>>> print(open('start.cif').read())   # mmCIF, C-alpha atoms
data_data
loop_
_atom_site.label_atom_id
_atom_site.label_comp_id
_atom_site.auth_asym_id
_atom_site.auth_seq_id
_atom_site.Cartn_x
_atom_site.Cartn_y
_atom_site.Cartn_z
CA MET A 1 -54.16 -164.55 -128.78
CA THR A 2 -51.92 -161.89 -127.30
CA THR A 3 -51.55 -158.28 -128.31
CA ALA A 4 -48.67 -155.83 -128.59
CA ASN A 5 -50.47 -153.56 -126.12
CA PRO A 6 -48.28 -153.57 -122.97
CA TRP A 7 -51.21 -152.60 -120.73
CA LEU A 8 -53.38 -155.50 -121.95
CA PRO A 9 -50.88 -158.30 -122.70
CA PHE A 10 -53.56 -160.97 -123.21
CA GLY A 11 -55.76 -158.84 -125.45
CA ALA A 12 -58.88 -156.68 -125.16
CA HIS A 13 -61.27 -159.35 -126.54
CA PRO A 14 -63.39 -157.10 -128.78
CA GLU A 15 -65.56 -160.11 -129.70
CA SER A 16 -66.90 -160.61 -126.16
CA GLY A 17 -70.08 -159.18 -124.70
CA ILE A 18 -68.28 -157.39 -121.86
CA ARG A 19 -64.58 -157.03 -121.16
CA LEU A 20 -63.63 -157.24 -117.45
CA LEU A 21 -60.43 -155.25 -117.01
CA CYS A 22 -58.67 -156.73 -113.95
CA LEU A 23 -56.16 -154.64 -111.98
CA PRO A 24 -53.68 -156.56 -109.80
CA HIS A 25 -52.75 -156.21 -106.15
CA ALA A 26 -49.40 -154.89 -104.90
CA GLY A 27 -46.41 -156.62 -106.45
CA ALA A 28 -48.53 -158.71 -108.82
CA GLY A 29 -48.89 -158.52 -112.58
CA ALA A 30 -51.37 -159.50 -115.24
CA THR A 31 -50.73 -163.22 -114.80
CA ALA A 32 -52.50 -163.05 -111.41
CA TYR A 33 -55.75 -163.07 -113.39
CA ARG A 34 -54.85 -165.20 -116.40
CA THR A 35 -56.21 -168.45 -114.95
CA TRP A 36 -58.52 -166.84 -112.39
CA GLY A 37 -60.60 -165.31 -115.19
CA GLN A 38 -61.11 -168.62 -116.96
CA GLY A 39 -64.04 -169.37 -114.66
CA LEU A 40 -66.13 -166.54 -116.10
CA PRO A 41 -68.91 -167.25 -118.62
CA GLU A 42 -68.06 -167.01 -122.32
CA GLN A 43 -69.76 -163.61 -122.73
CA ILE A 44 -67.49 -162.01 -120.11
CA LYS A 45 -63.77 -161.98 -120.88
CA ALA A 46 -61.18 -161.21 -118.24
CA CYS A 47 -58.62 -158.74 -119.59
CA PRO A 48 -55.72 -158.63 -117.10
CA VAL A 49 -54.07 -155.23 -116.83
CA GLN A 50 -50.27 -154.99 -116.71
CA PRO A 51 -48.91 -151.87 -114.96
CA PRO A 52 -45.25 -150.97 -115.55
CA GLY A 53 -42.51 -152.50 -113.44
CA ARG A 54 -43.51 -156.17 -113.50
CA GLU A 55 -43.39 -159.26 -115.70
CA ARG A 56 -42.76 -158.23 -119.31
CA ARG A 57 -42.73 -154.56 -118.24
CA ARG A 58 -40.23 -155.13 -115.44
CA ARG A 59 -37.64 -152.81 -116.98
CA GLU A 60 -40.08 -149.89 -116.88
CA GLU A 61 -40.27 -147.62 -113.85
CA PRO A 62 -43.32 -148.47 -111.71
CA PHE A 63 -45.77 -145.74 -110.77
CA THR A 64 -45.65 -144.54 -107.17
CA ARG A 65 -48.80 -142.38 -107.28
CA VAL A 66 -52.31 -143.39 -108.19
CA ASP A 67 -53.08 -140.25 -110.21
CA SER A 68 -50.19 -140.82 -112.62
CA LEU A 69 -51.08 -144.47 -113.08
CA THR A 70 -54.78 -143.90 -113.67
CA ARG A 71 -54.25 -141.06 -116.11
CA ALA A 72 -52.08 -143.34 -118.24
CA LEU A 73 -54.45 -146.29 -117.95
CA ALA A 74 -57.58 -144.24 -118.68
CA LYS A 75 -55.97 -142.86 -121.82
CA GLU A 76 -55.14 -146.42 -122.89
CA ILE A 77 -58.68 -147.67 -122.24
CA ALA A 78 -60.20 -144.75 -124.14
CA GLY A 79 -57.96 -145.46 -127.12
CA SER A 80 -58.01 -149.25 -127.32
CA VAL A 81 -61.05 -150.78 -125.59
CA ARG A 82 -64.15 -151.00 -127.77
CA GLY A 83 -67.58 -151.93 -126.49
CA PRO A 84 -68.85 -152.35 -122.92
CA TYR A 85 -66.27 -152.97 -120.22
CA ALA A 86 -66.22 -153.29 -116.44
CA LEU A 87 -63.39 -152.74 -113.96
CA PHE A 88 -62.27 -155.20 -111.29
CA GLY A 89 -59.49 -154.49 -108.81
CA HIS A 90 -58.12 -156.25 -105.75
CA SER A 91 -56.38 -154.37 -102.92
CA THR A 92 -54.22 -151.64 -104.54
CA GLY A 93 -55.91 -152.61 -107.79
CA ALA A 94 -59.31 -151.71 -106.30
CA LEU A 95 -58.15 -148.18 -105.59
CA CYS A 96 -56.68 -147.92 -109.10
CA ALA A 97 -59.91 -149.25 -110.66
CA PHE A 98 -61.96 -146.67 -108.73
CA GLU A 99 -59.72 -143.77 -109.72
CA THR A 100 -59.60 -145.00 -113.32
CA ALA A 101 -63.41 -144.87 -113.42
CA ARG A 102 -63.30 -141.31 -112.11
CA GLU A 103 -60.58 -140.38 -114.60
CA MET A 104 -62.69 -141.74 -117.48
CA ARG A 105 -65.44 -139.37 -116.35
CA ARG A 106 -63.02 -136.45 -116.09
CA ILE A 107 -61.80 -136.89 -119.68
CA GLY A 108 -65.29 -137.50 -121.06
CA ALA A 109 -64.54 -141.06 -122.19
CA ALA A 110 -66.90 -144.04 -122.18
CA PRO A 111 -67.36 -145.13 -118.55
CA PRO A 112 -67.30 -148.71 -117.28
CA VAL A 113 -70.67 -150.39 -116.91
CA HIS A 114 -69.76 -151.70 -113.45
CA LEU A 115 -67.03 -151.38 -110.82
CA PHE A 116 -65.95 -154.40 -108.75
CA VAL A 117 -63.67 -153.79 -105.76
CA SER A 118 -62.07 -156.31 -103.44
CA GLY A 119 -59.79 -156.27 -100.41
CA ARG A 120 -59.42 -152.49 -100.10
CA ARG A 121 -61.11 -150.25 -97.56
CA ALA A 122 -63.26 -147.45 -98.98
CA PRO A 123 -61.10 -144.74 -100.56
CA GLN A 124 -62.25 -142.01 -98.18
CA LEU A 125 -60.91 -143.97 -95.19
CA PRO A 126 -57.25 -143.37 -94.24
CA MET A 127 -54.75 -146.18 -94.78
CA PRO A 128 -52.03 -147.31 -92.37
CA ARG A 129 -48.51 -146.72 -93.70
CA HIS A 130 -45.82 -149.35 -94.35
CA ASP A 131 -42.40 -148.19 -95.51
CA VAL A 132 -41.78 -151.28 -97.61
CA GLY A 133 -38.74 -149.79 -99.30
CA ALA A 134 -36.98 -149.40 -95.95
CA MET A 135 -37.73 -152.92 -94.71
CA THR A 136 -35.09 -155.60 -94.55
CA VAL A 137 -35.89 -158.68 -96.61
CA PRO A 138 -36.86 -160.71 -93.49
CA GLU A 139 -39.16 -157.85 -92.40
CA LEU A 140 -40.73 -157.79 -95.85
CA ALA A 141 -41.32 -161.55 -95.74
CA GLN A 142 -42.98 -161.20 -92.35
CA ALA A 143 -45.25 -158.37 -93.54
CA LEU A 144 -46.32 -160.32 -96.63
CA ARG A 145 -46.87 -163.45 -94.57
CA ARG A 146 -49.28 -161.52 -92.32
CA LEU A 147 -51.27 -160.45 -95.38
CA GLY A 148 -51.39 -163.99 -96.76
CA GLY A 149 -51.68 -164.96 -100.40
CA THR A 150 -47.95 -164.98 -101.22
CA PRO A 151 -46.58 -168.49 -101.85
CA GLU A 152 -44.23 -169.72 -99.16
CA GLU A 153 -41.62 -170.57 -101.81
CA VAL A 154 -41.46 -166.83 -102.59
CA LEU A 155 -41.39 -165.76 -98.94
CA SER A 156 -38.55 -168.16 -98.18
CA ASN A 157 -36.44 -166.99 -101.15
CA PRO A 158 -34.51 -163.85 -100.05
CA GLU A 159 -33.06 -163.23 -103.52
CA LEU A 160 -36.49 -163.26 -105.15
CA LEU A 161 -37.99 -161.03 -102.45
CA ALA A 162 -35.16 -158.55 -102.92
CA LEU A 163 -35.97 -158.42 -106.64
CA LEU A 164 -39.66 -157.85 -105.88
CA GLN A 165 -39.10 -155.21 -103.22
CA PRO A 166 -38.88 -152.13 -105.52
CA VAL A 167 -42.21 -152.82 -107.24
CA LEU A 168 -43.83 -153.72 -103.91
CA ALA A 169 -42.58 -150.44 -102.45
CA ALA A 170 -43.98 -148.53 -105.43
CA ASP A 171 -47.36 -150.27 -105.20
CA PHE A 172 -47.64 -149.76 -101.45
CA SER A 173 -46.86 -146.09 -102.09
CA VAL A 174 -49.65 -145.89 -104.67
CA ASN A 175 -52.06 -147.29 -102.10
CA GLU A 176 -50.92 -145.61 -98.91
CA THR A 177 -50.00 -142.09 -100.06
CA TYR A 178 -53.39 -141.69 -101.73
CA ALA A 179 -55.24 -138.56 -100.58
CA HIS A 180 -58.94 -138.85 -101.32
CA VAL A 181 -60.56 -135.83 -102.98
CA ALA A 182 -64.35 -135.82 -102.84
CA GLU A 183 -66.18 -135.82 -106.17
CA ASP A 184 -69.74 -136.65 -107.21
CA PRO A 185 -70.52 -140.34 -106.72
CA LEU A 186 -70.00 -142.55 -109.77
CA ASP A 187 -73.07 -143.09 -111.93
CA LEU A 188 -72.56 -146.84 -112.18
CA PRO A 189 -73.21 -149.88 -109.98
CA VAL A 190 -70.51 -150.93 -107.52
CA THR A 191 -70.02 -154.43 -106.13
CA ALA A 192 -67.59 -155.01 -103.27
CA PHE A 193 -66.03 -158.25 -101.99
CA ALA A 194 -64.64 -158.60 -98.46
CA GLY A 195 -62.80 -161.34 -96.60
CA ILE A 196 -64.34 -161.66 -93.15
CA ASP A 197 -60.92 -161.98 -91.53
CA ASP A 198 -59.17 -159.34 -93.63
CA THR A 199 -58.10 -156.94 -90.87
CA GLY A 200 -57.27 -154.18 -93.36
CA ALA A 201 -60.46 -154.42 -95.44
CA ASP A 202 -63.14 -156.32 -93.53
CA VAL A 203 -66.88 -155.84 -93.99
CA ALA A 204 -67.01 -152.71 -91.82
CA LEU A 205 -64.19 -151.07 -93.81
CA MET A 206 -65.69 -152.09 -97.18
CA GLU A 207 -69.25 -150.92 -96.43
CA PRO A 208 -68.44 -147.18 -96.91
CA TRP A 209 -67.77 -147.85 -100.61
CA GLU A 210 -71.53 -147.37 -100.90
CA SER A 211 -71.11 -143.59 -100.73
CA GLN A 212 -69.01 -143.66 -103.93
CA THR A 213 -71.96 -144.59 -106.17
CA SER A 214 -75.34 -143.08 -106.93
CA ARG A 215 -76.49 -146.45 -108.26
CA GLU A 216 -76.83 -149.92 -106.79
CA PHE A 217 -74.26 -151.04 -104.23
CA VAL A 218 -73.84 -154.64 -103.11
CA LEU A 219 -71.31 -156.03 -100.62
CA HIS A 220 -70.48 -159.73 -100.50
CA SER A 221 -68.36 -161.34 -97.78
CA PHE A 222 -66.46 -164.63 -97.74
CA PRO A 223 -64.62 -166.67 -95.13
CA GLY A 224 -60.91 -165.93 -95.26
CA GLY A 225 -58.44 -163.10 -95.19
CA HIS A 226 -57.02 -160.62 -97.66
CA PHE A 227 -57.06 -162.99 -100.63
CA ALA A 228 -60.48 -164.54 -100.02
CA VAL A 229 -61.64 -163.37 -103.46
CA PHE A 230 -59.15 -165.78 -105.06
CA GLU A 231 -59.92 -168.61 -102.66
CA HIS A 232 -63.63 -168.36 -103.54
CA ALA A 233 -63.15 -167.70 -107.26
CA ALA A 234 -66.11 -169.80 -108.44
CA ARG A 235 -68.54 -167.89 -106.21
CA VAL A 236 -67.01 -164.55 -107.20
CA HIS A 237 -67.37 -165.41 -110.89
CA SER A 238 -71.03 -166.29 -110.37
CA LEU A 239 -71.67 -162.98 -108.59
CA ILE A 240 -69.87 -161.02 -111.32
CA SER A 241 -71.93 -162.80 -113.97
CA ASP A 242 -75.17 -162.00 -112.15
CA ALA A 243 -74.17 -158.36 -111.69
CA LEU A 244 -73.34 -157.95 -115.39
CA ALA A 245 -76.42 -159.79 -116.68
CA PRO A 246 -78.41 -156.57 -117.36
CA GLN A 247 -75.51 -155.07 -119.32
CA LEU A 248 -75.12 -158.30 -121.32
CA GLN A 249 -78.76 -158.17 -122.28
CA THR A 250 -78.38 -154.55 -123.40
CA ALA A 251 -75.24 -155.39 -125.38
CA GLY A 252 -77.05 -158.28 -127.07
CA ARG A 253 -79.79 -155.97 -128.32
CA ASN A 254 -77.30 -153.49 -129.83
#
>>> encode(input="start.cif", output="structure tokens")
Amino acid sequence: MTTANPWLPFGAHPESGIRLLCLPHAGAGATAYRTWGQGLPEQIKACPVQPPGRERRRREEPFTRVDSLTRALAKEIAGSVRGPYALFGHSTGALCAFETAREMRRIGAAPPVHLFVSGRRAPQLPMPRHDVGAMTVPELAQALRRLGGTPEEVLSNPELLALLQPVLAADFSVNETYAHVAEDPLDLPVTAFAGIDDTGADVALMEPWESQTSREFVLHSFPGGHFAVFEHAARVHSLISDALAPQLQTAGRN
């Protein structure tokens, strides 16, 4: 059942044990997780997050800075998500999930019980810059092809790529103009997922996420590149389930 909430177009699943709020990668929307999340156990419900500028929110202006996005999202979570929740983000979504967790702490709202990050180097490490907005459509196709994960029917469709370019440029800006400001580590467990062949977020670049938590940190690696977390969805779901098992037990006693 869907909801009128534009940020959570497939609902917040208040009946579940834990809601897993899933933040998409650059250029993607909530539908990136609609089928991916179906592999999770019944007690954990994937709640895909829909930022402005894509899919049913395509007429809205996309955010170009992470602080603006996470302030809006944190306010939405505080007002509409009831019960335990965790955050999952891939690539740009990982950075947004991390900063959303910090923003929840800043505003004194209920924190997530766990943070899952994938395909994004630790936030304190500088990012290379790509001026996606200035690229020609063939250059954009080439850049996305290097990253992997974008269907070839999209890459070979110049008209569609031209339509996607503004939101891609905004999302790359969110990710690459980010200036990390040191704060106390998060008081919640963090699990990271890395593709062994992901040149922008391999194991060595994901390991420093450990400094962002005062609790347990676990890093899992998979064969593959930037989108390995989707290629190994069944294993990722099993690891998420195991990581959230203690919180599910606590929720069941309440």
>>> residues_around(input="start.cif", residues="Asp131 of chain A", least_positions_apart="5", cutoff="9 Å", atoms="only C-alpha atoms", output="PyMOL selection string")
chain A and resi 169+172-173
>>> atom_distance(input="start.cif", atom1="atom CA of Arg65 of chain A", atom2="atom CA of Val113 of chain A")
25.2 Å
>>> resolve_selection(input="start.cif", expression="the PyMOL selection byres ((chain A and resi 28) around 10)", output="MDAnalysis selection string")
chainID A and resid 23:27 29:33 50:51 53:55 93 150 164 167:168 171
>>> resolve_selection(input="start.cif", expression="the PyMOL selection byres ((chain A and resi 126) around 10)", output="list in words")
Arg121, Ala122, Pro123, Gln124, Leu125, Met127, Pro128, Arg129, Glu176, Thr177, Tyr178, Ala179 and His180 of chain A
>>> atom_distance(input="start.cif", atom1="atom CA of Thr136 of chain A", atom2="atom CA of Pro158 of chain A")
9.9 Å
>>> resolve_selection(input="start.cif", expression="the PyMOL selection byres ((chain A and resi 214) around 6)", output="list of chain:residue names")
A:Pro185, A:Asp187, A:Thr213, A:Arg215
>>> atom_distance(input="start.cif", atom1="atom CA of Thr100 of chain A", atom2="atom CA of Leu73 of chain A")
7.0 Å
>>> residues_around(input="start.cif", residues="Ala46 of chain A", least_positions_apart="5", cutoff="10 Å", atoms="only C-alpha atoms", output="PyMOL selection string")
chain A and resi 10-13+16+18-22+33-41+85-88
>>> closest_residue(input="start.cif", among="A:Val174, A:Val81, A:Gly119, A:Glu183", to="Glu103 of chain A", atoms="all atoms listed in the file")
A:Glu183
>>> closest_residue(input="start.cif", among="A:Leu219, A:Val49, A:Ala234, A:Met135", to="Gly195 of chain A", atoms="only C-alpha atoms")
A:Leu219
>>> closest_residue(input="start.cif", among="A:Val190, A:Ala143, A:Leu244, A:Leu155", to="Pro84 of chain A", atoms="all atoms listed in the file")
A:Leu244
>>> closest_residue(input="start.cif", among="A:Thr70, A:Thr250, A:Ala97, A:Lys45", to="His237 of chain A", atoms="all atoms listed in the file")
A:Lys45
>>> closest_residue(input="start.cif", among="A:Leu205, A:Leu144, A:Leu188, A:Leu161", to="Phe217 of chain A", atoms="all atoms listed in the file")
A:Leu188
>>> build_atoms(input="start.cif", residues="segment 196-211 of chain A", atoms="N, CA and C atoms", output="short mmCIF file (atom, residue, chain, number, x, y, z; two decimals), in the coordinates of the input")
data_model
loop_
_atom_site.label_atom_id
_atom_site.label_comp_id
_atom_site.auth_asym_id
_atom_site.auth_seq_id
_atom_site.Cartn_x
_atom_site.Cartn_y
_atom_site.Cartn_z
N ILE A 196 -63.88 -161.91 -94.51
CA ILE A 196 -64.34 -161.66 -93.15
C ILE A 196 -63.18 -161.42 -92.19
N ASP A 197 -62.07 -162.10 -92.42
CA ASP A 197 -60.92 -161.98 -91.53
C ASP A 197 -59.83 -161.08 -92.07
N ASP A 198 -60.14 -160.28 -93.07
CA ASP A 198 -59.17 -159.34 -93.63
C ASP A 198 -59.13 -158.10 -92.72
N THR A 199 -58.13 -158.01 -91.86
CA THR A 199 -58.10 -156.94 -90.87
C THR A 199 -57.98 -155.55 -91.50
N GLY A 200 -57.44 -155.48 -92.71
CA GLY A 200 -57.27 -154.18 -93.36
C GLY A 200 -58.43 -153.78 -94.25
N ALA A 201 -59.34 -154.72 -94.53
CA ALA A 201 -60.46 -154.42 -95.44
C ALA A 201 -61.61 -155.38 -95.15
N ASP A 202 -62.03 -155.43 -93.88
CA ASP A 202 -63.14 -156.32 -93.53
C ASP A 202 -64.46 -155.69 -93.95
N VAL A 203 -65.56 -156.31 -93.57
CA VAL A 203 -66.88 -155.84 -93.99
C VAL A 203 -67.13 -154.39 -93.56
N ALA A 204 -66.77 -154.06 -92.32
CA ALA A 204 -67.01 -152.71 -91.82
C ALA A 204 -66.22 -151.66 -92.60
N LEU A 205 -65.02 -152.02 -93.05
CA LEU A 205 -64.19 -151.07 -93.81
C LEU A 205 -64.57 -151.02 -95.28
N MET A 206 -65.25 -152.06 -95.79
CA MET A 206 -65.69 -152.09 -97.18
C MET A 206 -67.07 -151.44 -97.36
N GLU A 207 -67.88 -151.46 -96.32
CA GLU A 207 -69.25 -150.92 -96.43
C GLU A 207 -69.29 -149.47 -96.91
N PRO A 208 -68.37 -148.58 -96.47
CA PRO A 208 -68.44 -147.18 -96.91
C PRO A 208 -68.19 -146.96 -98.40
N TRP A 209 -67.82 -148.00 -99.15
CA TRP A 209 -67.77 -147.85 -100.61
C TRP A 209 -69.14 -147.42 -101.15
N GLU A 210 -70.18 -147.70 -100.43
CA GLU A 210 -71.53 -147.37 -100.90
C GLU A 210 -71.68 -145.89 -101.23
N SER A 211 -70.97 -145.03 -100.49
CA SER A 211 -71.11 -143.59 -100.73
C SER A 211 -70.46 -143.15 -102.04
#
